[in-house]
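Raw input.pdb, PDB, N, CA and C atoms:
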```pdb
MODEL        1
ATOM      1  N   MET A  37       1.510  20.857 -33.700
ATOM      2  CA  MET A  37       2.090  19.541 -33.491
ATOM      3  C   MET A  37       3.605  19.672 -33.425
ATOM      4  N   GLN A  38       4.222  18.973 -32.493
ATOM      5  CA  GLN A  38       5.661  19.046 -32.318
ATOM      6  C   GLN A  38       6.360  18.073 -33.261
ATOM      7  N   PRO A  39       7.514  18.464 -33.780
ATOM      8  CA  PRO A  39       8.246  17.552 -34.664
ATOM      9  C   PRO A  39       8.763  16.360 -33.872
ATOM     10  N   LYS A  40       8.862  15.229 -34.560
ATOM     11  CA  LYS A  40       9.388  14.026 -33.916
ATOM     12  C   LYS A  40      10.904  14.114 -33.822
ATOM     13  N   VAL A  41      11.411  13.721 -32.686
ATOM     14  CA  VAL A  41      12.850  13.709 -32.453
ATOM     15  C   VAL A  41      13.294  12.255 -32.493
ATOM     16  N   PRO A  42      14.279  11.918 -33.340
ATOM     17  CA  PRO A  42      14.727  10.529 -33.411
ATOM     18  C   PRO A  42      15.154  10.029 -32.027
ATOM     19  N   GLY A  43      14.698   8.832 -31.697
ATOM     20  CA  GLY A  43      15.060   8.235 -30.419
ATOM     21  C   GLY A  43      14.158   8.671 -29.274
ATOM     22  N   SER A  44      13.150   9.509 -29.554
ATOM     23  CA  SER A  44      12.255   9.958 -28.485
ATOM     24  C   SER A  44      11.151   8.930 -28.273
ATOM     25  N   MET A  45      10.437   9.094 -27.206
ATOM     26  CA  MET A  45       9.352   8.168 -26.887
ATOM     27  C   MET A  45       8.245   8.228 -27.935
ATOM     28  N   ALA A  46       8.131   9.349 -28.639
ATOM     29  CA  ALA A  46       7.103   9.480 -29.664
ATOM     30  C   ALA A  46       7.343   8.500 -30.801
ATOM     31  N   ASP A  47       8.592   8.074 -31.001
ATOM     32  CA  ASP A  47       8.915   7.121 -32.066
ATOM     33  C   ASP A  47       8.587   5.690 -31.681
ATOM     34  N   GLU A  48       8.419   5.438 -30.378
ATOM     35  CA  GLU A  48       8.173   4.071 -29.921
ATOM     36  C   GLU A  48       6.716   3.720 -30.121
ATOM     37  N   SER A  49       6.491   2.500 -30.619
ATOM     38  CA  SER A  49       5.110   2.062 -30.764
ATOM     39  C   SER A  49       4.685   1.355 -29.476
ATOM     40  N   LYS A  50       3.405   1.449 -29.182
ATOM     41  CA  LYS A  50       2.865   0.825 -27.978
ATOM     42  C   LYS A  50       2.151  -0.454 -28.361
ATOM     43  N   ALA A  51       2.340  -1.477 -27.536
ATOM     44  CA  ALA A  51       1.643  -2.730 -27.753
ATOM     45  C   ALA A  51       0.194  -2.554 -27.323
ATOM     46  N   PRO A  52      -0.748  -3.158 -28.050
ATOM     47  CA  PRO A  52      -2.151  -3.045 -27.644
ATOM     48  C   PRO A  52      -2.349  -3.693 -26.274
ATOM     49  N   GLN A  53      -3.225  -3.083 -25.459
ATOM     50  CA  GLN A  53      -3.482  -3.603 -24.124
ATOM     51  C   GLN A  53      -4.850  -4.254 -24.082
ATOM     52  N   SER A  54      -4.940  -5.314 -23.295
ATOM     53  CA  SER A  54      -6.226  -5.972 -23.122
ATOM     54  C   SER A  54      -7.068  -5.160 -22.143
ATOM     55  N   PRO A  55      -8.389  -5.282 -22.192
ATOM     56  CA  PRO A  55      -9.241  -4.540 -21.256
ATOM     57  C   PRO A  55      -8.920  -4.863 -19.786
ATOM     58  N   GLU A  56      -8.480  -6.095 -19.496
ATOM     59  CA  GLU A  56      -8.144  -6.470 -18.131
ATOM     60  C   GLU A  56      -6.949  -5.671 -17.614
ATOM     61  N   SER A  57      -5.994  -5.361 -18.498
ATOM     62  CA  SER A  57      -4.807  -4.634 -18.057
ATOM     63  C   SER A  57      -5.115  -3.174 -17.765
ATOM     64  N   LEU A  58      -6.260  -2.680 -18.251
ATOM     65  CA  LEU A  58      -6.652  -1.301 -17.997
ATOM     66  C   LEU A  58      -7.415  -1.143 -16.691
ATOM     67  N   GLN A  59      -7.829  -2.258 -16.079
ATOM     68  CA  GLN A  59      -8.571  -2.216 -14.818
ATOM     69  C   GLN A  59      -7.616  -1.904 -13.674
ATOM     70  N   PRO A  60      -8.050  -1.097 -12.687
ATOM     71  CA  PRO A  60      -7.188  -0.803 -11.543
ATOM     72  C   PRO A  60      -6.979  -2.040 -10.692
ATOM     73  N   ASP A  61      -5.821  -2.123 -10.085
ATOM     74  CA  ASP A  61      -5.488  -3.243  -9.211
ATOM     75  C   ASP A  61      -6.064  -2.958  -7.830
ATOM     76  N   VAL A  62      -7.076  -3.720  -7.425
ATOM     77  CA  VAL A  62      -7.713  -3.499  -6.134
ATOM     78  C   VAL A  62      -7.181  -4.444  -5.064
ATOM     79  N   SER A  63      -6.233  -5.291  -5.413
ATOM     80  CA  SER A  63      -5.708  -6.244  -4.441
ATOM     81  C   SER A  63      -4.744  -5.604  -3.467
ATOM     82  N   GLY A  64      -4.228  -4.426  -3.796
ATOM     83  CA  GLY A  64      -3.271  -3.761  -2.924
ATOM     84  C   GLY A  64      -1.859  -4.260  -3.120
ATOM     85  N   SER A  65      -1.651  -5.157  -4.093
ATOM     86  CA  SER A  65      -0.320  -5.706  -4.299
ATOM     87  C   SER A  65       0.417  -5.026  -5.438
ATOM     88  N   SER A  66      -0.127  -3.958  -5.951
ATOM     89  CA  SER A  66       0.505  -3.244  -7.047
ATOM     90  C   SER A  66       1.829  -2.649  -6.593
ATOM     91  N   PRO A  67       2.902  -2.826  -7.365
ATOM     92  CA  PRO A  67       4.186  -2.268  -6.961
ATOM     93  C   PRO A  67       4.149  -0.751  -6.844
ATOM     94  N   ALA A  68       3.298  -0.092  -7.606
ATOM     95  CA  ALA A  68       3.230   1.364  -7.540
ATOM     96  C   ALA A  68       2.645   1.842  -6.222
ATOM     97  N   HIS A  69       1.873   0.984  -5.552
ATOM     98  CA  HIS A  69       1.238   1.380  -4.311
ATOM     99  C   HIS A  69       1.830   0.674  -3.094
ATOM    100  N   SER A  70       2.883  -0.097  -3.277
ATOM    101  CA  SER A  70       3.449  -0.809  -2.143
ATOM    102  C   SER A  70       4.218   0.137  -1.250
ATOM    103  N   ALA A  71       4.377  -0.241   0.006
ATOM    104  CA  ALA A  71       5.083   0.607   0.967
ATOM    105  C   ALA A  71       6.534   0.800   0.550
ATOM    106  N   ALA A  72       7.126  -0.197  -0.067
ATOM    107  CA  ALA A  72       8.519  -0.079  -0.480
ATOM    108  C   ALA A  72       8.678   0.946  -1.587
ATOM    109  N   GLY A  73       7.655   1.084  -2.434
ATOM    110  CA  GLY A  73       7.727   2.024  -3.539
ATOM    111  C   GLY A  73       7.236   3.410  -3.186
ATOM    112  N   ALA A  74       6.620   3.563  -2.016
ATOM    113  CA  ALA A  74       6.092   4.864  -1.621
ATOM    114  C   ALA A  74       7.208   5.772  -1.153
ATOM    115  N   SER A  75       7.010   7.064  -1.310
ATOM    116  CA  SER A  75       8.025   7.992  -0.836
ATOM    117  C   SER A  75       8.009   8.005   0.683
ATOM    118  N   PRO A  76       9.144   8.217   1.330
ATOM    119  CA  PRO A  76       9.200   8.172   2.780
ATOM    120  C   PRO A  76       8.280   9.181   3.449
ATOM    121  N   SER A  77       8.025  10.312   2.801
ATOM    122  CA  SER A  77       7.180  11.326   3.421
ATOM    123  C   SER A  77       5.712  10.914   3.424
ATOM    124  N   LEU A  78       5.304   9.979   2.575
ATOM    125  CA  LEU A  78       3.917   9.563   2.513
ATOM    126  C   LEU A  78       3.641   8.268   3.259
ATOM    127  N   ALA A  79       4.657   7.621   3.766
ATOM    128  CA  ALA A  79       4.448   6.359   4.454
ATOM    129  C   ALA A  79       4.591   6.553   5.958
ATOM    130  N   THR A  80       3.751   5.841   6.702
ATOM    131  CA  THR A  80       3.859   5.873   8.150
ATOM    132  C   THR A  80       4.817   4.779   8.590
ATOM    133  N   LYS A  81       5.103   4.697   9.887
ATOM    134  CA  LYS A  81       6.024   3.675  10.381
ATOM    135  C   LYS A  81       5.483   2.275  10.149
ATOM    136  N   SER A  82       4.164   2.120  10.077
ATOM    137  CA  SER A  82       3.584   0.798   9.845
ATOM    138  C   SER A  82       3.677   0.389   8.377
ATOM    139  N   GLY A  83       4.109   1.311   7.515
ATOM    140  CA  GLY A  83       4.240   0.995   6.097
ATOM    141  C   GLY A  83       3.015   1.402   5.294
ATOM    142  N   ALA A  84       1.920   1.747   5.970
ATOM    143  CA  ALA A  84       0.722   2.181   5.263
ATOM    144  C   ALA A  84       0.888   3.634   4.834
ATOM    145  N   PRO A  85       0.328   4.010   3.685
ATOM    146  CA  PRO A  85       0.443   5.398   3.254
ATOM    147  C   PRO A  85      -0.265   6.333   4.230
ATOM    148  N   ALA A  86       0.308   7.494   4.427
ATOM    149  CA  ALA A  86      -0.293   8.499   5.302
ATOM    150  C   ALA A  86      -1.537   9.061   4.624
ATOM    151  N   PRO A  87      -2.526   9.451   5.415
ATOM    152  CA  PRO A  87      -3.721  10.030   4.797
ATOM    153  C   PRO A  87      -3.372  11.342   4.111
ATOM    154  N   LEU A  88      -3.966  11.566   2.958
ATOM    155  CA  LEU A  88      -3.677  12.789   2.221
ATOM    156  C   LEU A  88      -4.474  13.956   2.777
ATOM    157  N   GLN A  89      -5.695  13.698   3.224
ATOM    158  CA  GLN A  89      -6.524  14.775   3.743
ATOM    159  C   GLN A  89      -6.597  14.687   5.261
ATOM    160  N   VAL A  90      -6.322  15.801   5.917
ATOM    161  CA  VAL A  90      -6.414  15.888   7.372
ATOM    162  C   VAL A  90      -7.243  17.108   7.729
ATOM    163  N   ARG A  91      -7.876  17.062   8.889
ATOM    164  CA  ARG A  91      -8.669  18.197   9.371
ATOM    165  C   ARG A  91      -7.779  19.427   9.481
ATOM    166  N   LEU A  92      -8.316  20.562   9.114
ATOM    167  CA  LEU A  92      -7.571  21.808   9.146
ATOM    168  C   LEU A  92      -8.145  22.688  10.248
ATOM    169  N   ASP A  93      -7.301  23.080  11.176
ATOM    170  CA  ASP A  93      -7.713  23.986  12.249
ATOM    171  C   ASP A  93      -6.592  24.995  12.433
ATOM    172  N   ASN A  94      -6.567  25.981  11.556
ATOM    173  CA  ASN A  94      -5.557  27.026  11.640
ATOM    174  C   ASN A  94      -6.243  28.387  11.675
ATOM    175  N   GLU A  95      -5.464  29.446  11.666
ATOM    176  CA  GLU A  95      -6.023  30.796  11.749
ATOM    177  C   GLU A  95      -7.004  31.076  10.610
ATOM    178  N   LEU A  96      -6.661  30.668   9.409
ATOM    179  CA  LEU A  96      -7.520  30.909   8.254
ATOM    180  C   LEU A  96      -8.873  30.228   8.412
ATOM    181  N   SER A  97      -8.874  28.940   8.734
ATOM    182  CA  SER A  97     -10.147  28.224   8.860
ATOM    183  C   SER A  97     -10.969  28.769  10.023
ATOM    184  N   ARG A  98     -10.319  29.158  11.123
ATOM    185  CA  ARG A  98     -11.048  29.741  12.262
ATOM    186  C   ARG A  98     -11.683  31.077  11.873
ATOM    187  N   ARG A  99     -10.971  31.883  11.105
ATOM    188  CA  ARG A  99     -11.498  33.175  10.662
ATOM    189  C   ARG A  99     -12.734  32.982   9.775
ATOM    190  N   TYR A 100     -12.677  32.019   8.862
ATOM    191  CA  TYR A 100     -13.823  31.748   8.002
ATOM    192  C   TYR A 100     -14.991  31.186   8.808
ATOM    193  N   ARG A 101     -14.720  30.274   9.730
ATOM    194  CA  ARG A 101     -15.793  29.711  10.555
ATOM    195  C   ARG A 101     -16.442  30.793  11.419
ATOM    196  N   GLU A 102     -15.625  31.709  11.918
ATOM    197  CA  GLU A 102     -16.140  32.798  12.740
ATOM    198  C   GLU A 102     -17.059  33.706  11.924
ATOM    199  N   ARG A 103     -16.672  33.982  10.706
ATOM    200  CA  ARG A 103     -17.454  34.892   9.871
ATOM    201  C   ARG A 103     -18.672  34.222   9.250
ATOM    202  N   PHE A 104     -18.544  32.960   8.776
ATOM    203  CA  PHE A 104     -19.611  32.319   8.013
ATOM    204  C   PHE A 104     -20.300  31.172   8.745
ATOM    205  N   GLY A 105     -19.805  30.792   9.906
ATOM    206  CA  GLY A 105     -20.470  29.784  10.741
ATOM    207  C   GLY A 105     -20.740  28.472  10.025
ATOM    208  N   ALA A 106     -22.023  28.083  10.009
ATOM    209  CA  ALA A 106     -22.429  26.777   9.466
ATOM    210  C   ALA A 106     -22.238  26.668   7.953
ATOM    211  N   ALA A 107     -21.992  27.785   7.273
ATOM    212  CA  ALA A 107     -21.751  27.725   5.823
ATOM    213  C   ALA A 107     -20.416  27.063   5.504
ATOM    214  N   ILE A 108     -19.503  27.017   6.479
ATOM    215  CA  ILE A 108     -18.238  26.293   6.298
ATOM    216  C   ILE A 108     -18.493  24.859   6.763
ATOM    217  N   LEU A 109     -18.706  23.975   5.818
ATOM    218  CA  LEU A 109     -19.079  22.599   6.128
ATOM    219  C   LEU A 109     -17.896  21.774   6.609
ATOM    220  N   ASP A 110     -16.710  22.063   6.069
ATOM    221  CA  ASP A 110     -15.517  21.316   6.456
ATOM    222  C   ASP A 110     -14.285  22.104   6.059
ATOM    223  N   ALA A 111     -13.195  21.856   6.762
ATOM    224  CA  ALA A 111     -11.909  22.469   6.435
ATOM    225  C   ALA A 111     -10.864  21.357   6.458
ATOM    226  N   LEU A 112     -10.154  21.190   5.358
ATOM    227  CA  LEU A 112      -9.188  20.110   5.201
ATOM    228  C   LEU A 112      -7.869  20.646   4.683
ATOM    229  N   GLU A 113      -6.816  19.874   4.894
ATOM    230  CA  GLU A 113      -5.544  20.122   4.238
ATOM    231  C   GLU A 113      -5.207  18.874   3.453
ATOM    232  N   ASP A 114      -4.890  19.055   2.202
ATOM    233  CA  ASP A 114      -4.550  17.947   1.311
ATOM    234  C   ASP A 114      -3.278  18.320   0.571
ATOM    235  N   ARG A 115      -2.210  17.616   0.857
ATOM    236  CA  ARG A 115      -0.907  17.866   0.238
ATOM    237  C   ARG A 115      -0.512  19.335   0.326
ATOM    238  N   LYS A 116      -0.608  19.891   1.533
ATOM    239  CA  LYS A 116      -0.215  21.264   1.873
ATOM    240  C   LYS A 116      -1.120  22.324   1.251
ATOM    241  N   GLN A 117      -2.309  21.936   0.807
ATOM    242  CA  GLN A 117      -3.281  22.877   0.255
ATOM    243  C   GLN A 117      -4.476  22.960   1.199
ATOM    244  N   SER A 118      -4.849  24.173   1.599
ATOM    245  CA  SER A 118      -6.024  24.377   2.451
ATOM    246  C   SER A 118      -7.270  24.292   1.586
ATOM    247  N   ILE A 119      -8.261  23.532   2.057
ATOM    248  CA  ILE A 119      -9.500  23.344   1.317
ATOM    249  C   ILE A 119     -10.664  23.624   2.264
ATOM    250  N   LEU A 120     -11.558  24.510   1.860
ATOM    251  CA  LEU A 120     -12.778  24.764   2.610
ATOM    252  C   LEU A 120     -13.948  24.223   1.800
ATOM    253  N   ILE A 121     -14.774  23.403   2.435
ATOM    254  CA  ILE A 121     -15.994  22.907   1.816
ATOM    255  C   ILE A 121     -17.097  23.839   2.315
ATOM    256  N   VAL A 122     -17.771  24.511   1.366
ATOM    257  CA  VAL A 122     -18.730  25.542   1.754
ATOM    258  C   VAL A 122     -20.125  25.230   1.232
ATOM    259  N   ASP A 123     -21.114  25.809   1.908
ATOM    260  CA  ASP A 123     -22.503  25.688   1.493
ATOM    261  C   ASP A 123     -22.691  26.483   0.199
ATOM    262  N   VAL A 124     -23.268  25.856  -0.809
ATOM    263  CA  VAL A 124     -23.416  26.489  -2.112
ATOM    264  C   VAL A 124     -24.271  27.758  -2.034
ATOM    265  N   ALA A 125     -25.172  27.820  -1.073
ATOM    266  CA  ALA A 125     -26.044  28.996  -0.949
ATOM    267  C   ALA A 125     -25.245  30.252  -0.597
ATOM    268  N   GLN A 126     -24.069  30.100   0.030
ATOM    269  CA  GLN A 126     -23.267  31.253   0.402
ATOM    270  C   GLN A 126     -21.941  31.311  -0.357
ATOM    271  N   LEU A 127     -21.827  30.542  -1.414
ATOM    272  CA  LEU A 127     -20.584  30.473  -2.173
ATOM    273  C   LEU A 127     -20.159  31.839  -2.710
ATOM    274  N   LEU A 128     -21.061  32.584  -3.292
ATOM    275  CA  LEU A 128     -20.711  33.880  -3.870
ATOM    276  C   LEU A 128     -20.201  34.840  -2.796
ATOM    277  N   GLU A 129     -20.874  34.897  -1.662
ATOM    278  CA  GLU A 129     -20.447  35.776  -0.572
ATOM    279  C   GLU A 129     -19.069  35.367  -0.044
ATOM    280  N   ILE A 130     -18.842  34.064   0.096
ATOM    281  CA  ILE A 130     -17.551  33.568   0.589
ATOM    282  C   ILE A 130     -16.450  33.848  -0.428
ATOM    283  N   ALA A 131     -16.768  33.695  -1.718
ATOM    284  CA  ALA A 131     -15.777  33.972  -2.769
ATOM    285  C   ALA A 131     -15.388  35.447  -2.777
ATOM    286  N   ARG A 132     -16.363  36.319  -2.612
ATOM    287  CA  ARG A 132     -16.057  37.754  -2.565
ATOM    288  C   ARG A 132     -15.200  38.094  -1.356
ATOM    289  N   TYR A 133     -15.510  37.491  -0.227
ATOM    290  CA  TYR A 133     -14.700  37.704   0.975
ATOM    291  C   TYR A 133     -13.281  37.173   0.750
ATOM    292  N   SER A 134     -13.176  36.025   0.117
ATOM    293  CA  SER A 134     -11.867  35.402  -0.133
ATOM    294  C   SER A 134     -10.993  36.263  -1.036
ATOM    295  N   ARG A 135     -11.598  36.937  -1.973
ATOM    296  CA  ARG A 135     -10.832  37.807  -2.862
ATOM    297  C   ARG A 135     -10.133  38.893  -2.044
ATOM    298  N   GLY A 136     -10.798  39.416  -1.026
ATOM    299  CA  GLY A 136     -10.198  40.407  -0.141
ATOM    300  C   GLY A 136      -9.144  39.826   0.770
ATOM    301  N   GLU A 137      -9.229  38.526   1.058
ATOM    302  CA  GLU A 137      -8.257  37.866   1.925
ATOM    303  C   GLU A 137      -6.862  37.825   1.303
ATOM    304  N   VAL A 138      -6.773  37.845  -0.003
ATOM    305  CA  VAL A 138      -5.487  37.775  -0.697
ATOM    306  C   VAL A 138      -4.630  38.988  -0.339
ATOM    307  N   ASP A 139      -5.259  40.113  -0.109
ATOM    308  CA  ASP A 139      -4.539  41.351   0.177
ATOM    309  C   ASP A 139      -4.001  41.414   1.602
ATOM    310  N   ARG A 140      -4.426  40.539   2.482
ATOM    311  CA  ARG A 140      -3.989  40.576   3.878
ATOM    312  C   ARG A 140      -2.605  40.055   4.055
TER     313      ARG A 140
ENDMDL
END
```

Take the structure in the file and give it back as structure tokens.
Amino acid sequence: MQPKVPGSMADESKAPQSPESLQPDVSGSSPAHSAAGASPSLATKSGAPAPLQVRLDNELSRRYRERFGAAILDALEDRKQSILIVDVAQLLEIARYSRGEVDR
């Protein structure tokens, strides 16, 4: 346990919250999700947030599709991270192949 530092947030008490305040805001009017509060890189010109996941078609995904075919169910990019959705029946084989890919 870390010692308390005077004036830190750990010294502040929190007011109890009602169950309604813990529910997510589905109206879309939340200031945290408004276009004005969004970072410029995540907002499109229309003010709507840009999609986080986009189809991935690069050398890596093509190489995996070429080798494993239908076992690669989908290839996505999410916040600059490549994601391959794979068939669980071939997961071990794909993981072993991927371990060798690090050395390339």

In terms of the shortest atom-to-atom distance over all atoms listed in the file, which of A:Leu92, A:Leu112, A:Ala84, A:Ala107 is closest to Leu127 of chain A?
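The answer is A:Ala107, which sits nearest to Leu127 of chain A.
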
With the file shown as input, list the residues that the PyMOL selection byres (((chain A and resi 111 and name CA) around 7) and name CA) selects, as a ChimeraX atom specification.
/A:91-92,97,110,112,119-121

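As for atom CA of Gln89 of chain A and atom CA of Gly136 of chain A, they are spaced 26.2 Å apart.
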
Quick one: pull the distance between atom CA of Tyr133 of chain A and atom N of Arg101 of chain A, Å, one decimal.
11.5 Å

Residues matched by the PyMOL selection byres (((chain A and resi 134 and name CA) around 12) and name CA), written as a PyMOL selection string
chain A and resi 96-97+99-100+103-104+120+127-133+135-140

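You will find atom C of Leu88 of chain A at 23.2 Å from atom CA of Val124 of chain A.
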
Nearest to Leu109 of chain A by atom-to-atom distance, counting only C-alpha atoms, from A:Pro87, A:Ser82, A:Ala125, A:Glu95:
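Going through A:Pro87, A:Ser82, A:Ala125, A:Glu95 one by one, the smallest distance to Leu109 of chain A is for A:Ala125.
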
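Inside segment 77-114 of chain A, the residues DSSP reads as strand (DSSP E) when given the backbone are Gln89, Val90, Arg91, Ile108, Leu109, Asp110, Ala111, Leu112, Glu113 and Asp114 of chain A.
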